[in-house]
$ cat upload20.pdb   # PDB, C-alpha atoms
ATOM      1  CA  MET P  18     101.944 137.311  71.821
ATOM      2  CA  ILE P  19     103.980 136.059  74.771
ATOM      3  CA  ARG P  20     102.351 138.545  77.111
ATOM      4  CA  HIS P  21      98.959 137.074  76.205
ATOM      5  CA  LEU P  22     100.180 133.551  76.940
ATOM      6  CA  VAL P  23     101.983 134.137  80.244
ATOM      7  CA  GLU P  24     102.164 136.775  82.890
ATOM      8  CA  PHE P  25     105.684 137.858  83.727
ATOM      9  CA  LEU P  26     106.834 138.456  87.279
ATOM     10  CA  PRO P  27     108.375 141.815  88.253
ATOM     11  CA  GLY P  28     111.904 142.017  86.819
ATOM     12  CA  GLU P  29     111.302 139.063  84.518
ATOM     13  CA  HIS P  30     111.889 139.124  80.776
ATOM     14  CA  ALA P  31     111.837 136.507  78.038
ATOM     15  CA  LEU P  32     115.201 135.236  76.807
ATOM     16  CA  PHE P  33     113.889 133.033  74.022
ATOM     17  CA  VAL P  34     110.839 131.091  72.948
ATOM     18  CA  VAL P  35     110.823 127.502  71.706
ATOM     19  CA  TYR P  36     108.097 126.194  69.399
ATOM     20  CA  ARG P  37     107.523 122.623  68.306
ATOM     21  CA  HIS P  38     109.104 121.380  65.094
ATOM     22  CA  TRP P  39     106.943 121.582  61.975
ATOM     23  CA  PHE P  40     107.306 117.900  61.069
ATOM     24  CA  LYS P  41     104.080 116.683  62.735
ATOM     25  CA  VAL P  42     101.997 119.405  61.091
ATOM     26  CA  PHE P  43     103.597 118.550  57.741
ATOM     27  CA  ILE P  44     102.693 114.862  58.131
ATOM     28  CA  VAL P  45      99.127 115.664  59.206
ATOM     29  CA  GLY P  46      98.795 117.977  56.200
ATOM     30  CA  LYS P  47     100.017 115.238  53.851
ATOM     31  CA  ILE P  48      97.636 112.676  55.376
ATOM     32  CA  ASP P  49      94.699 115.077  55.088
ATOM     33  CA  MET P  50      95.620 115.764  51.471
ATOM     34  CA  LEU P  51      95.836 112.031  50.681
ATOM     35  CA  LEU P  52      92.485 111.415  52.381
ATOM     36  CA  PHE P  53      90.917 114.165  50.292
ATOM     37  CA  LEU P  54      92.362 112.708  47.084
ATOM     38  CA  ALA P  55      91.157 109.225  48.075
ATOM     39  CA  LEU P  56      87.681 110.623  48.750
ATOM     40  CA  ALA P  57      87.582 112.521  45.449
ATOM     41  CA  VAL P  58      88.769 109.498  43.440
ATOM     42  CA  GLY P  59      86.406 107.160  45.323
ATOM     43  CA  VAL P  60      83.411 109.396  44.676
ATOM     44  CA  TYR P  61      84.390 109.789  41.013
ATOM     45  CA  VAL P  62      84.649 106.001  40.566
ATOM     46  CA  LEU P  63      81.315 105.402  42.337
ATOM     47  CA  GLU P  64      79.662 108.106  40.251
ATOM     48  CA  GLY P  65      80.675 106.246  37.085
ATOM     49  CA  MET P  66      79.303 102.945  38.406
ATOM     50  CA  VAL P  67      75.860 104.220  39.421
ATOM     51  CA  SER P  68      73.156 104.100  36.770
ATOM     52  CA  VAL P  69      70.136 106.322  37.487
ATOM     53  CA  SER P  70      67.530 108.268  35.580
ATOM     54  CA  ASP P  71      68.927 111.643  36.620
ATOM     55  CA  PRO P  72      72.755 111.791  36.358
ATOM     56  CA  ALA P  73      72.731 115.471  37.335
ATOM     57  CA  GLN P  74      71.646 114.534  40.860
ATOM     58  CA  VAL P  75      74.410 111.953  41.156
ATOM     59  CA  GLU P  76      76.901 114.613  40.121
ATOM     60  CA  ALA P  77      75.420 116.995  42.686
ATOM     61  CA  LEU P  78      75.639 114.356  45.402
ATOM     62  CA  ALA P  79      79.264 113.703  44.463
ATOM     63  CA  LEU P  80      80.048 117.419  44.602
ATOM     64  CA  PHE P  81      78.341 117.712  47.987
ATOM     65  CA  THR P  82      80.294 114.760  49.411
ATOM     66  CA  VAL P  83      83.657 115.951  48.118
ATOM     67  CA  SER P  84      83.026 119.519  49.325
ATOM     68  CA  LEU P  85      81.945 118.312  52.768
ATOM     69  CA  GLY P  86      84.960 115.991  53.062
ATOM     70  CA  GLY P  87      87.273 118.769  51.901
ATOM     71  CA  LEU P  88      85.850 121.203  54.450
ATOM     72  CA  VAL P  89      86.168 118.730  57.344
ATOM     73  CA  LEU P  90      89.768 117.857  56.427
ATOM     74  CA  TRP P  91      90.658 121.531  55.923
ATOM     75  CA  MET P  92      89.244 122.406  59.366
ATOM     76  CA  HIS P  93      91.074 119.436  60.906
ATOM     77  CA  PHE P  94      94.395 120.530  59.425
ATOM     78  CA  PHE P  95      94.058 124.080  60.716
ATOM     79  CA  GLY P  96      92.975 122.778  64.121
ATOM     80  CA  VAL P  97      96.174 120.706  64.346
ATOM     81  CA  TRP P  98      98.185 123.677  63.085
ATOM     82  CA  THR P  99      96.669 125.959  65.736
ATOM     83  CA  ASP P 100      97.407 123.398  68.453
ATOM     84  CA  HIS P 101     100.995 123.154  67.193
ATOM     85  CA  TRP P 102     101.427 126.918  67.103
ATOM     86  CA  LEU P 103     100.165 127.435  70.650
ATOM     87  CA  ASP P 104     102.374 124.779  72.280
ATOM     88  CA  VAL P 105     105.288 126.868  73.407
ATOM     89  CA  TRP P 106     108.073 127.036  75.962
ATOM     90  CA  VAL P 107     109.166 130.459  77.131
ATOM     91  CA  VAL P 108     112.586 130.671  78.758
ATOM     92  CA  THR P 109     112.917 133.783  80.898
ATOM     93  CA  ASN P 110     115.716 135.033  83.139
ATOM     94  CA  LEU P 111     113.890 133.444  86.130
ATOM     95  CA  ARG P 112     112.078 130.322  84.923
ATOM     96  CA  ILE P 113     110.909 128.145  82.083
ATOM     97  CA  ILE P 114     107.219 128.403  81.285
ATOM     98  CA  ASP P 115     105.558 125.448  79.602
ATOM     99  CA  VAL P 116     102.390 126.424  77.752
ATOM    100  CA  GLU P 117     100.471 123.487  76.388
ATOM    101  CA  GLN P 118      97.362 123.816  74.315
ATOM    102  CA  LEU P 119      94.962 120.930  74.967
ATOM    103  CA  GLY P 120      92.190 121.199  72.457
ATOM    104  CA  PHE P 121      90.719 124.563  71.570
ATOM    105  CA  LEU P 122      89.743 126.122  74.846
ATOM    106  CA  LYS P 123      91.942 124.281  77.328
ATOM    107  CA  ARG P 124      95.443 125.420  78.056
ATOM    108  CA  GLU P 125      97.871 124.298  80.740
ATOM    109  CA  VAL P 126     100.613 126.616  81.901
ATOM    110  CA  ALA P 127     103.349 125.309  84.205
ATOM    111  CA  SER P 128     106.477 127.138  85.291
ATOM    112  CA  PHE P 129     109.781 125.748  86.481
ATOM    113  CA  PRO P 130     112.203 128.111  88.312
ATOM    114  CA  LEU P 131     115.688 127.982  86.787
ATOM    115  CA  ASP P 132     117.300 127.395  90.184
ATOM    116  CA  LYS P 133     115.237 124.218  90.663
ATOM    117  CA  ILE P 134     116.437 122.633  87.426
ATOM    118  CA  GLU P 135     119.295 120.232  88.087
ATOM    119  CA  ASP P 136     119.990 118.397  84.889
ATOM    120  CA  VAL P 137     119.330 119.110  81.231
ATOM    121  CA  THR P 138     119.620 116.445  78.562
ATOM    122  CA  TRP P 139     118.570 116.157  74.953
ATOM    123  CA  ARG P 140     117.920 113.262  72.660
ATOM    124  CA  SER P 141     117.189 112.815  69.029
ATOM    125  CA  HIS P 142     115.607 109.451  68.380
ATOM    126  CA  GLY P 143     115.398 107.741  65.001
ATOM    127  CA  ILE P 144     116.403 108.621  61.486
ATOM    128  CA  ILE P 145     113.565 111.098  60.900
ATOM    129  CA  GLN P 146     114.505 113.220  63.903
ATOM    130  CA  HIS P 147     118.178 113.144  62.841
ATOM    131  CA  VAL P 148     117.427 114.122  59.251
ATOM    132  CA  PHE P 149     115.011 116.909  60.153
ATOM    133  CA  LYS P 150     117.042 118.020  63.163
ATOM    134  CA  PHE P 151     114.528 117.826  65.971
ATOM    135  CA  GLY P 152     114.215 115.951  69.250
ATOM    136  CA  ASP P 153     113.360 116.216  72.927
ATOM    137  CA  VAL P 154     114.978 118.255  75.678
ATOM    138  CA  GLN P 155     114.426 116.859  79.168
ATOM    139  CA  MET P 156     114.989 118.753  82.381
ATOM    140  CA  GLN P 157     115.033 117.232  85.826
ATOM    141  CA  THR P 158     114.019 119.403  88.699
ATOM    142  CA  ALA P 159     114.866 119.080  92.376
ATOM    143  CA  SER P 160     111.581 117.261  92.821
ATOM    144  CA  THR P 161     111.821 113.593  91.870
ATOM    145  CA  THR P 162     108.351 113.554  90.378
ATOM    146  CA  THR P 163     108.407 116.699  88.266
ATOM    147  CA  HIS P 164     110.178 116.822  84.939
ATOM    148  CA  LEU P 165     109.976 119.323  82.174
ATOM    149  CA  ASN P 166     109.982 117.868  78.700
ATOM    150  CA  MET P 167     110.241 119.925  75.571
ATOM    151  CA  ILE P 168     108.943 117.444  73.038
ATOM    152  CA  GLN P 169     109.805 117.576  69.342
ATOM    153  CA  VAL P 170     111.625 120.868  69.356
ATOM    154  CA  PRO P 171     113.968 121.950  66.560
ATOM    155  CA  HIS P 172     117.732 121.812  67.201
ATOM    156  CA  PRO P 173     117.507 120.232  70.693
ATOM    157  CA  ALA P 174     121.278 120.473  71.322
ATOM    158  CA  GLU P 175     121.197 124.240  70.797
ATOM    159  CA  VAL P 176     118.098 124.561  72.974
ATOM    160  CA  LYS P 177     119.809 122.572  75.727
ATOM    161  CA  ASP P 178     122.908 124.811  75.526
ATOM    162  CA  ALA P 179     120.758 127.923  75.656
ATOM    163  CA  VAL P 180     118.886 126.622  78.716
ATOM    164  CA  VAL P 181     122.158 125.781  80.475
ATOM    165  CA  LYS P 182     123.443 129.288  79.699
ATOM    166  CA  ALA P 183     120.247 130.783  81.121
ATOM    167  CA  MET P 184     120.671 128.656  84.262
ATOM    168  CA  GLU P 185     124.290 129.788  84.663
ATOM    169  CA  ALA P 186     123.339 133.437  84.162
ATOM    170  CA  HIS P 187     120.579 133.038  86.732
ATOM    171  CA  ARG P 188     122.982 131.476  89.251
ATOM    172  CA  GLY P 189     125.420 134.339  88.643
ATOM    173  CA  ALA P 190     122.687 136.918  89.215
ATOM    174  CA  PHE P 191     121.114 135.172  92.212
ATOM    175  CA  PRO P 192     123.861 133.201  94.020
ATOM    176  CA  ARG P 193     122.610 130.811  96.723
TER     177      ARG P 193
ATOM    178  CA  MET Q  26      58.292 117.046  28.606
ATOM    179  CA  SER Q  27      59.939 114.808  31.192
ATOM    180  CA  ILE Q  28      57.846 112.678  33.483
ATOM    181  CA  HIS Q  29      59.479 111.460  36.673
ATOM    182  CA  HIS Q  30      58.558 108.222  38.388
ATOM    183  CA  PRO Q  31      56.949 108.827  41.834
ATOM    184  CA  ASP Q  32      59.848 106.955  43.503
ATOM    185  CA  HIS Q  33      62.212 109.456  41.972
ATOM    186  CA  VAL Q  34      60.211 112.373  43.381
ATOM    187  CA  VAL Q  35      60.223 110.812  46.864
ATOM    188  CA  TYR Q  36      63.972 110.084  46.595
ATOM    189  CA  THR Q  37      64.678 113.699  45.580
ATOM    190  CA  ALA Q  38      62.588 115.103  48.440
ATOM    191  CA  CYS Q  39      64.215 112.837  51.064
ATOM    192  CA  MET Q  40      67.702 113.484  49.767
ATOM    193  CA  GLY Q  41      67.017 117.216  49.657
ATOM    194  CA  THR Q  42      65.872 117.216  53.290
ATOM    195  CA  LEU Q  43      68.842 115.129  54.415
ATOM    196  CA  LEU Q  44      71.390 117.259  52.555
ATOM    197  CA  THR Q  45      69.796 120.483  53.792
ATOM    198  CA  PHE Q  46      70.081 119.200  57.367
ATOM    199  CA  VAL Q  47      73.725 118.165  56.857
ATOM    200  CA  PHE Q  48      74.491 121.491  55.165
ATOM    201  CA  PHE Q  49      73.128 123.672  57.972
ATOM    202  CA  LEU Q  50      74.634 121.462  60.676
ATOM    203  CA  THR Q  51      78.011 121.800  58.930
ATOM    204  CA  LEU Q  52      77.537 125.567  58.707
ATOM    205  CA  ILE Q  53      76.890 125.839  62.460
ATOM    206  CA  VAL Q  54      79.870 123.635  63.375
ATOM    207  CA  PHE Q  55      82.091 125.512  60.938
ATOM    208  CA  ALA Q  56      81.017 128.911  62.284
ATOM    209  CA  VAL Q  57      81.653 128.001  65.936
ATOM    210  CA  TYR Q  58      84.930 126.164  65.220
ATOM    211  CA  SER Q  59      86.264 128.958  63.017
ATOM    212  CA  ALA Q  60      85.233 131.712  65.405
ATOM    213  CA  VAL Q  61      87.165 130.105  68.267
ATOM    214  CA  MET Q  62      90.169 129.311  66.082
ATOM    215  CA  LEU Q  63      90.396 132.753  64.475
ATOM    216  CA  TRP Q  64      90.007 134.395  67.875
ATOM    217  CA  GLN Q  65      93.001 132.387  69.101
ATOM    218  CA  TRP Q  66      95.043 133.360  66.041
ATOM    219  CA  LYS Q  67      94.208 137.017  66.526
ATOM    220  CA  ARG Q  68      95.012 136.919  70.224
ATOM    221  CA  TYR Q  69      98.274 134.969  70.053
ATOM    222  CA  SER Q  70      99.594 135.893  66.629
ATOM    223  CA  THR Q  71     103.204 136.950  66.265
ATOM    224  CA  GLY Q  72     102.879 138.854  63.012
ATOM    225  CA  ARG Q  73      99.849 140.824  61.962
ATOM    226  CA  TYR Q  74     100.194 140.281  58.202
ATOM    227  CA  THR Q  75     101.047 136.598  58.541
ATOM    228  CA  THR Q  76      97.952 136.029  60.637
ATOM    229  CA  VAL Q  77      95.728 137.933  58.235
ATOM    230  CA  THR Q  78      97.155 135.899  55.347
ATOM    231  CA  TYR Q  79      96.424 132.608  57.146
ATOM    232  CA  MET Q  80      92.917 133.792  57.992
ATOM    233  CA  VAL Q  81      92.228 134.756  54.370
ATOM    234  CA  VAL Q  82      93.566 131.426  53.026
ATOM    235  CA  TYR Q  83      91.553 129.463  55.599
ATOM    236  CA  LEU Q  84      88.325 131.367  54.936
ATOM    237  CA  VAL Q  85      88.653 131.397  51.127
ATOM    238  CA  VAL Q  86      89.184 127.623  50.844
ATOM    239  CA  SER Q  87      86.450 126.942  53.412
ATOM    240  CA  GLY Q  88      84.147 129.304  51.498
ATOM    241  CA  LEU Q  89      84.796 127.374  48.274
ATOM    242  CA  CYS Q  90      83.879 124.107  49.980
ATOM    243  CA  ILE Q  91      80.680 125.614  51.380
ATOM    244  CA  LEU Q  92      79.869 127.062  47.955
ATOM    245  CA  GLY Q  93      80.312 123.592  46.445
ATOM    246  CA  MET Q  94      77.923 122.127  49.009
ATOM    247  CA  ALA Q  95      75.366 124.890  48.448
ATOM    248  CA  THR Q  96      75.534 124.495  44.650
ATOM    249  CA  ALA Q  97      75.007 120.747  44.970
ATOM    250  CA  LEU Q  98      72.131 121.274  47.361
ATOM    251  CA  LEU Q  99      70.272 123.459  44.829
ATOM    252  CA  SER Q 100      69.862 120.412  42.558
ATOM    253  CA  PHE Q 101      67.723 118.739  45.206
ATOM    254  CA  ILE Q 102      65.514 121.649  46.210
TER     255      ILE Q 102
END

$ encode --input "upload20.pdb" --output "structure tokens"
Amino acid sequence: MIRHLVEFLPGEHALFVVYRHWFKVFIVGKIDMLLFLALAVGVYVLEGMVSVSDPAQVEALALFTVSLGGLVLWMHFFGVWTDHWLDVWVVTNLRIIDVEQLGFLKREVASFPLDKIEDVTWRSHGIIQHVFKFGDVQMQTASTTTHLNMIQVPHPAEVKDAVVKAMEAHRGAFPR
Amino acid sequence: MSIHHPDHVVYTACMGTLLTFVFFLTLIVFAVYSAVMLWQWKRYSTGRYTTVTYMVVYLVVSGLCILGMATALLSFI
């Protein structure tokens, strides 16, 4: 999978891969499910209120609406899930590669050499991130304008430690 | 023998046309959207069986929704 996402340089190999935390997908799934239930209940209530000569057609219209709503929400959920799954950070022995999926057919890939990263910090903000153990890892590069942010990653403290270890190993292998 | 009011016949015909249009439009959007999404899953998947399982779940539930729409549509045609 990684080889499809990024092209490695000669002598480069992946140390670890960081995916986003599942919390956002979980929330989107719950919202989609609630919307579907609201639609189904709403259609059922409206169906009972309408008085027409052919109740079978009202039932058919209700079935059509609920099926259409269900399909749209189902597609939306899997779209969000796909986007989540394809946002990835690959830490190699030479650099950190940030792969961001923007929509279905647009993908941005940026790479940050390990020797250009100067400071690594992590933060977990709010009770939800503390409870579910996720947060952001921020890396400052030598450039004042370029920062690498790993947003909503699981166990940010461990990710930060692993990145620092990779940086130290890189400095040991390629001293300035 | 049931005799329908002319308004009812017109309503059924209009609704049938509208739902048929919505149905086929949905089918086209679904086909394109799913083709792109499944291609991405196949290309970037980490585990073969996991991906196949997700694909089957996605397609089965989507198929049920489309079946529901098609069944409902038959009442108007």

$ resolve_selection --input "upload20.pdb" --expression "the PyMOL selection byres ((chain P) within 12 of (chain Q))" --output "PyMOL selection string"
chain P and resi 18-23+34+69-105+118+120-124

$ resolve_selection --input "upload20.pdb" --expression "the PyMOL selection byres ((chain P and resi 183-190) around 7)" --output "tab-separated table (two decimals) with C-alpha atoms, in the coordinates of the input"
chain	number	residue	atom	x	y	z
P	110	ASN	CA	115.72	135.03	83.14
P	111	LEU	CA	113.89	133.44	86.13
P	131	LEU	CA	115.69	127.98	86.79
P	132	ASP	CA	117.30	127.40	90.18
P	179	ALA	CA	120.76	127.92	75.66
P	180	VAL	CA	118.89	126.62	78.72
P	181	VAL	CA	122.16	125.78	80.47
P	182	LYS	CA	123.44	129.29	79.70
P	191	PHE	CA	121.11	135.17	92.21
P	192	PRO	CA	123.86	133.20	94.02

$ closest_residue --input "upload20.pdb" --among "P:Ala127, P:Ala55, P:Met66, P:Ile113" --to "Ala31 (chain P)" --atoms "only C-alpha atoms"
P:Ile113

$ residues_around --input "upload20.pdb" --residues "Glu125 (chain P)" --least-positions-apart "6" --cutoff "8 Å" --atoms "all atoms listed in the file" --output "PyMOL selection string"
chain P and resi 115-119

$ atom_distance --input "upload20.pdb" --atom1 "CA of Val126 (chain P)" --atom2 "CA of Glu29 (chain P)"
16.6 Å

$ atom_distance --input "upload20.pdb" --atom1 "CA of Trp139 (chain P)" --atom2 "CA of Met167 (chain P)"
9.2 Å

$ residues_near_point --input "upload20.pdb" --point "(115.0, 120.5, 65.5)" --cutoff "12 Å" --atoms "all atoms listed in the file" --output "JSON, numbers by chain"
{"P": [35, 36, 37, 38, 39, 40, 41, 139, 140, 141, 142, 145, 146, 147, 148, 149, 150, 151, 152, 153, 154, 167, 168, 169, 170, 171, 172, 173, 174, 175, 176, 177]}

$ closest_residue --input "upload20.pdb" --among "P:Trp106, P:Ala159, P:Lys133, P:Val62" --to "Phe33 (chain P)" --atoms "only C-alpha atoms"
P:Trp106

$ atom_distance --input "upload20.pdb" --atom1 "CA of Val137 (chain P)" --atom2 "CA of Asn166 (chain P)"
9.8 Å

$ closest_residue --input "upload20.pdb" --among "P:Leu63, P:Val58, P:Ile44, P:Ile114" --to "Glu24 (chain P)" --atoms "all atoms listed in the file"
P:Ile114
